[in-house]
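The structure appears right after this line, and notes come after that.
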Amino acid sequence: MCSLISRHCNGKHADNINVCSFVAGDCDFEKPFSSCGYTQGRDDDLDWEQIDTSEKSSLDPWVPPGSAMMMVNSTGRFSGQKALLFTPQLKENDTHCVIFQYYVAGREGGRPGHLNVYIKENNSPMGLPVWNTSGPAGRSWNEVELAISTYWPNFYQIVFEAVTSGQRGLLAIKDVVLQGHQCSKTRLCRKNTLITRSLAFSCHPPNINIVCLSPGIEVEP
């Protein structure tokens, strides 16, 4: 599935539109990313490349098999070059959840670059990232939950940024899902939440540093 409008109910696709809400922004990248409403950045250095290794394996040793993804190959790139990928404009009420998977591959112990996620609100500048990778290449897919809470009607875009380091490897994302309800693993709380005028963010993993059991109750891990 790769559609600008898709249906989710308790984290699963559903055909009954009477019980599930419409959610924009989902993309599994099995079809052209533009059909999901995604666009490449204009003021960056590189473009994201769409590839599906479930249909045909890549000769590049860094590219993971059996996945449809958006990727940036850092091999032959200069340090600090950037590639931006924008979701369509999104508008959700209350707290909802964004889930995606990311992949960083390179030589053992190497750092081919890093990934950032920004929230671009009401056509404002991107500001600081609400999530980013850290550490060396792992050559495995990792899942991230990003909790977003809106305080009044507005729209925003999620921006995925790959930044190269000058080392060989690649950075990739796949299976972006927006759920019209709270995240199952992440709760908004004061100590690990970034707040703008009308949006709040929290993420898990890897940089969640507190667990919120219920509103007003906070415990250190």
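So you can find residues: chains in the structure tokens are A, B, ... in the order shown, residues in each start at 1, and ligands are numbered from 1 in order.
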
Distance query Ala83 (chain A) at most 10 Å, only C-alpha atoms, self and fewer than 6 positions along chain excluded, as a PyMOL selection string: chain A and resi 40-49+71-72+115+160-164

Create the file for the chosen residues now, containing all heavy atoms and written as a CSV table (one decimal), in the first residue's frame.
```csv
chain,number,residue,atom,x,y,z
A,40,GLN,N,10.6,15.6,-2.9
A,40,GLN,CA,12.0,15.8,-2.6
A,40,GLN,C,12.2,17.3,-2.2
A,40,GLN,O,11.5,18.2,-2.6
A,40,GLN,CB,12.9,15.5,-3.8
A,40,GLN,CG,12.7,14.1,-4.4
A,40,GLN,CD,13.7,13.2,-3.7
A,40,GLN,OE1,14.4,13.5,-2.8
A,40,GLN,NE2,13.9,12.0,-4.3
A,41,GLY,N,13.2,17.5,-1.4
A,41,GLY,CA,13.6,18.9,-1.1
A,41,GLY,C,14.1,19.7,-2.3
A,41,GLY,O,14.7,19.0,-3.2
A,42,ARG,N,14.0,21.0,-2.3
A,42,ARG,CA,14.5,21.8,-3.4
A,42,ARG,C,15.8,22.5,-3.0
A,42,ARG,O,16.6,22.8,-3.9
A,42,ARG,CB,13.4,22.9,-3.8
A,42,ARG,CG,12.2,22.3,-4.3
A,42,ARG,CD,11.2,23.4,-4.7
A,42,ARG,NE,9.9,22.8,-5.3
A,42,ARG,CZ,8.9,23.6,-5.7
A,42,ARG,NH1,9.0,24.9,-5.5
A,42,ARG,NH2,7.8,23.0,-6.2
A,43,ASP,N,16.0,22.8,-1.7
A,43,ASP,CA,17.2,23.6,-1.3
A,43,ASP,C,18.2,22.7,-0.6
A,43,ASP,O,18.8,23.1,0.4
A,43,ASP,CB,16.7,24.7,-0.4
A,43,ASP,CG,15.8,25.7,-1.1
A,43,ASP,OD1,16.0,25.9,-2.3
A,43,ASP,OD2,14.8,26.1,-0.5
A,44,ASP,N,18.4,21.4,-1.1
A,44,ASP,CA,19.3,20.5,-0.5
A,44,ASP,C,20.4,20.2,-1.5
A,44,ASP,O,20.4,20.7,-2.6
A,44,ASP,CB,18.6,19.3,0.1
A,44,ASP,CG,17.7,18.6,-0.9
A,44,ASP,OD1,17.7,19.1,-2.1
A,44,ASP,OD2,17.0,17.7,-0.6
A,45,ASP,N,21.2,19.2,-1.2
A,45,ASP,CA,22.3,18.8,-2.1
A,45,ASP,C,22.1,17.6,-2.9
A,45,ASP,O,22.7,17.4,-3.9
A,45,ASP,CB,23.6,18.6,-1.2
A,45,ASP,CG,23.9,19.8,-0.3
A,45,ASP,OD1,24.1,20.9,-0.8
A,45,ASP,OD2,23.9,19.6,0.9
A,46,LEU,N,21.3,16.7,-2.3
A,46,LEU,CA,21.1,15.4,-2.9
A,46,LEU,C,19.6,15.0,-2.9
A,46,LEU,O,18.8,15.6,-2.2
A,46,LEU,CB,21.8,14.3,-2.1
A,46,LEU,CG,23.3,14.5,-1.7
A,46,LEU,CD1,23.8,13.5,-0.7
A,46,LEU,CD2,24.1,14.4,-3.0
A,47,ASP,N,19.3,14.0,-3.7
A,47,ASP,CA,17.9,13.5,-3.7
A,47,ASP,C,17.9,12.1,-3.1
A,47,ASP,O,18.9,11.4,-3.1
A,47,ASP,CB,17.4,13.3,-5.2
A,47,ASP,CG,16.8,14.6,-5.7
A,47,ASP,OD1,16.6,15.5,-4.9
A,47,ASP,OD2,16.7,14.7,-7.0
A,48,TRP,N,16.8,11.8,-2.4
A,48,TRP,CA,16.6,10.4,-2.0
A,48,TRP,C,16.3,9.5,-3.2
A,48,TRP,O,15.7,10.0,-4.2
A,48,TRP,CB,15.4,10.4,-1.0
A,48,TRP,CG,15.6,11.0,0.3
A,48,TRP,CD1,15.6,12.3,0.6
A,48,TRP,CD2,15.8,10.3,1.5
A,48,TRP,NE1,15.8,12.5,2.0
A,48,TRP,CE2,15.9,11.3,2.5
A,48,TRP,CE3,15.9,8.9,1.9
A,48,TRP,CZ2,16.1,10.9,3.9
A,48,TRP,CZ3,16.1,8.6,3.2
A,48,TRP,CH2,16.2,9.6,4.2
A,49,GLU,N,16.7,8.3,-3.1
A,49,GLU,CA,16.5,7.3,-4.2
A,49,GLU,C,15.6,6.2,-3.7
A,49,GLU,O,15.7,5.7,-2.6
A,49,GLU,CB,17.9,6.6,-4.5
A,49,GLU,CG,17.8,5.6,-5.6
A,49,GLU,CD,19.1,4.9,-5.8
A,49,GLU,OE1,20.1,5.3,-5.2
A,49,GLU,OE2,19.1,3.9,-6.6
A,71,MET,N,16.3,5.8,0.1
A,71,MET,CA,17.7,5.7,0.6
A,71,MET,C,18.6,6.8,0.0
A,71,MET,O,18.3,7.4,-1.0
A,71,MET,CB,18.3,4.3,0.3
A,71,MET,CG,18.3,4.0,-1.2
A,71,MET,SD,19.4,2.6,-1.6
A,71,MET,CE,21.0,3.5,-1.7
A,72,VAL,N,19.6,7.1,0.8
A,72,VAL,CA,20.7,8.0,0.3
A,72,VAL,C,22.0,7.2,0.4
A,72,VAL,O,22.4,6.8,1.5
A,72,VAL,CB,20.8,9.3,1.1
A,72,VAL,CG1,22.0,10.1,0.7
A,72,VAL,CG2,19.5,10.1,1.0
A,115,LEU,N,20.6,10.5,10.3
A,115,LEU,CA,19.3,10.9,9.9
A,115,LEU,C,18.7,11.8,10.9
A,115,LEU,O,18.9,11.7,12.2
A,115,LEU,CB,18.4,9.7,9.8
A,115,LEU,CG,18.7,8.6,8.7
A,115,LEU,CD1,18.0,7.3,8.9
A,115,LEU,CD2,18.4,9.2,7.3
A,160,PHE,N,12.2,14.2,6.6
A,160,PHE,CA,13.3,13.3,6.8
A,160,PHE,C,14.5,13.8,6.1
A,160,PHE,O,14.5,14.2,4.9
A,160,PHE,CB,12.9,11.9,6.2
A,160,PHE,CG,11.7,11.2,6.9
A,160,PHE,CD1,10.5,11.4,6.3
A,160,PHE,CD2,11.9,10.5,8.0
A,160,PHE,CE1,9.4,10.7,6.9
A,160,PHE,CE2,10.8,9.9,8.6
A,160,PHE,CZ,9.5,10.0,8.0
A,161,GLU,N,15.6,14.0,6.9
A,161,GLU,CA,16.8,14.5,6.4
A,161,GLU,C,18.0,13.5,6.6
A,161,GLU,O,18.2,13.0,7.7
A,161,GLU,CB,17.2,15.8,7.1
A,161,GLU,CG,18.5,16.4,6.6
A,161,GLU,CD,18.9,17.6,7.4
A,161,GLU,OE1,19.1,17.5,8.7
A,161,GLU,OE2,19.1,18.7,6.9
A,162,ALA,N,18.7,13.2,5.5
A,162,ALA,CA,19.9,12.4,5.5
A,162,ALA,C,21.1,13.3,5.3
A,162,ALA,O,21.1,14.1,4.4
A,162,ALA,CB,19.9,11.3,4.5
A,163,VAL,N,22.1,13.2,6.2
A,163,VAL,CA,23.3,14.0,6.1
A,163,VAL,C,24.5,13.1,6.0
A,163,VAL,O,24.7,12.2,6.9
A,163,VAL,CB,23.4,14.9,7.4
A,163,VAL,CG1,24.7,15.8,7.2
A,163,VAL,CG2,22.2,15.7,7.6
A,164,THR,N,25.3,13.2,5.0
A,164,THR,CA,26.4,12.3,4.7
A,164,THR,C,27.6,12.8,5.5
A,164,THR,O,27.8,13.9,5.9
A,164,THR,CB,26.7,12.3,3.2
A,164,THR,OG1,27.1,13.6,2.8
A,164,THR,CG2,25.6,11.8,2.4
```

What lies within 12 Å of Pro125 (chain A) using only C-alpha atoms, ignoring chain neighbours under 5 positions off, as a list in words? Tyr118, Ile119, Lys120, Tyr156, Gln157 and Val159 of chain A

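Using only C-alpha atoms, the nearest neighbour of Gln50 (chain A) within the list A:Gly127, A:Pro32, A:Pro64, A:Gly25 is A:Pro32.
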
Write out as an mmCIF file with N, CA, C and O atoms, in the first residue's frame which residues come within 10 Å of Gln101 (chain A) when counting only C-alpha atoms, dropping same-chain ones fewer than 5 positions away.
```
data_model
loop_
_atom_site.group_PDB
_atom_site.id
_atom_site.type_symbol
_atom_site.label_atom_id
_atom_site.label_comp_id
_atom_site.auth_asym_id
_atom_site.auth_seq_id
_atom_site.Cartn_x
_atom_site.Cartn_y
_atom_site.Cartn_z
ATOM 1 N N MET A 69 12.119 0.929 -0.038
ATOM 2 C CA MET A 69 12.647 1.967 0.846
ATOM 3 C C MET A 69 12.997 3.223 0.064
ATOM 4 O O MET A 69 13.063 3.226 -1.167
ATOM 5 N N SER A 140 20.915 -2.963 10.410
ATOM 6 C CA SER A 140 19.650 -3.621 10.745
ATOM 7 C C SER A 140 18.568 -2.548 10.782
ATOM 8 O O SER A 140 18.835 -1.372 11.041
ATOM 9 N N TRP A 141 17.322 -2.963 10.507
ATOM 10 C CA TRP A 141 16.203 -2.036 10.568
ATOM 11 C C TRP A 141 15.814 -1.782 12.013
ATOM 12 O O TRP A 141 15.762 -2.711 12.825
ATOM 13 N N ASN A 142 15.537 -0.527 12.338
ATOM 14 C CA ASN A 142 15.105 -0.128 13.683
ATOM 15 C C ASN A 142 13.821 0.671 13.567
ATOM 16 O O ASN A 142 13.659 1.465 12.635
ATOM 17 N N GLU A 143 12.918 0.477 14.511
ATOM 18 C CA GLU A 143 11.633 1.173 14.482
ATOM 19 C C GLU A 143 11.626 2.343 15.457
ATOM 20 O O GLU A 143 12.161 2.259 16.559
ATOM 21 N N VAL A 144 11.008 3.440 15.024
ATOM 22 C CA VAL A 144 10.881 4.646 15.834
ATOM 23 C C VAL A 144 9.418 5.022 15.959
ATOM 24 O O VAL A 144 8.666 4.935 14.977
ATOM 25 N N GLU A 145 8.993 5.405 17.139
ATOM 26 C CA GLU A 145 7.676 6.006 17.370
ATOM 27 C C GLU A 145 7.869 7.477 17.689
ATOM 28 O O GLU A 145 8.707 7.827 18.517
ATOM 29 N N ALA A 172 18.661 4.893 5.140
ATOM 30 C CA ALA A 172 17.389 4.568 4.497
ATOM 31 C C ALA A 172 16.249 4.629 5.500
ATOM 32 O O ALA A 172 16.459 4.505 6.723
ATOM 33 N N ILE A 173 15.027 4.805 4.979
ATOM 34 C CA ILE A 173 13.801 4.722 5.777
ATOM 35 C C ILE A 173 12.791 3.874 5.012
ATOM 36 O O ILE A 173 12.875 3.737 3.790
ATOM 37 N N LYS A 174 11.835 3.304 5.723
ATOM 38 C CA LYS A 174 10.745 2.573 5.079
ATOM 39 C C LYS A 174 9.537 2.554 6.008
ATOM 40 O O LYS A 174 9.620 2.907 7.183
ATOM 41 N N ASP A 175 8.389 2.126 5.454
ATOM 42 C CA ASP A 175 7.163 1.846 6.213
ATOM 43 C C ASP A 175 6.770 2.978 7.152
ATOM 44 O O ASP A 175 6.700 2.811 8.374
ATOM 45 N N VAL A 176 6.504 4.156 6.581
ATOM 46 C CA VAL A 176 6.016 5.281 7.377
ATOM 47 C C VAL A 176 4.518 5.121 7.590
ATOM 48 O O VAL A 176 3.755 4.977 6.634
ATOM 49 N N VAL A 177 4.093 5.136 8.851
ATOM 50 C CA VAL A 177 2.686 4.939 9.201
ATOM 51 C C VAL A 177 2.254 6.036 10.162
ATOM 52 O O VAL A 177 2.942 6.303 11.157
#
```

Neighbours of region 55-62 of chain A within 8 Å (only C-alpha atoms; same-chain residues fewer than 4 positions away dropped), as an mmCIF file with C-alpha atoms, in the first residue's frame?
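Contents of result-v1.cif, freshly written:
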```cif
data_model
loop_
_atom_site.group_PDB
_atom_site.id
_atom_site.type_symbol
_atom_site.label_atom_id
_atom_site.label_comp_id
_atom_site.auth_asym_id
_atom_site.auth_seq_id
_atom_site.Cartn_x
_atom_site.Cartn_y
_atom_site.Cartn_z
ATOM 1 C CA GLY A 66 13.723 -7.702 0.700
ATOM 2 C CA ALA A 105 24.835 0.671 6.886
ATOM 3 C CA GLY A 106 28.573 1.072 6.468
ATOM 4 C CA ARG A 139 23.073 -2.741 9.320
ATOM 5 C CA GLY A 169 27.547 3.396 3.287
ATOM 6 C CA LEU A 170 23.883 4.319 3.115
#
```
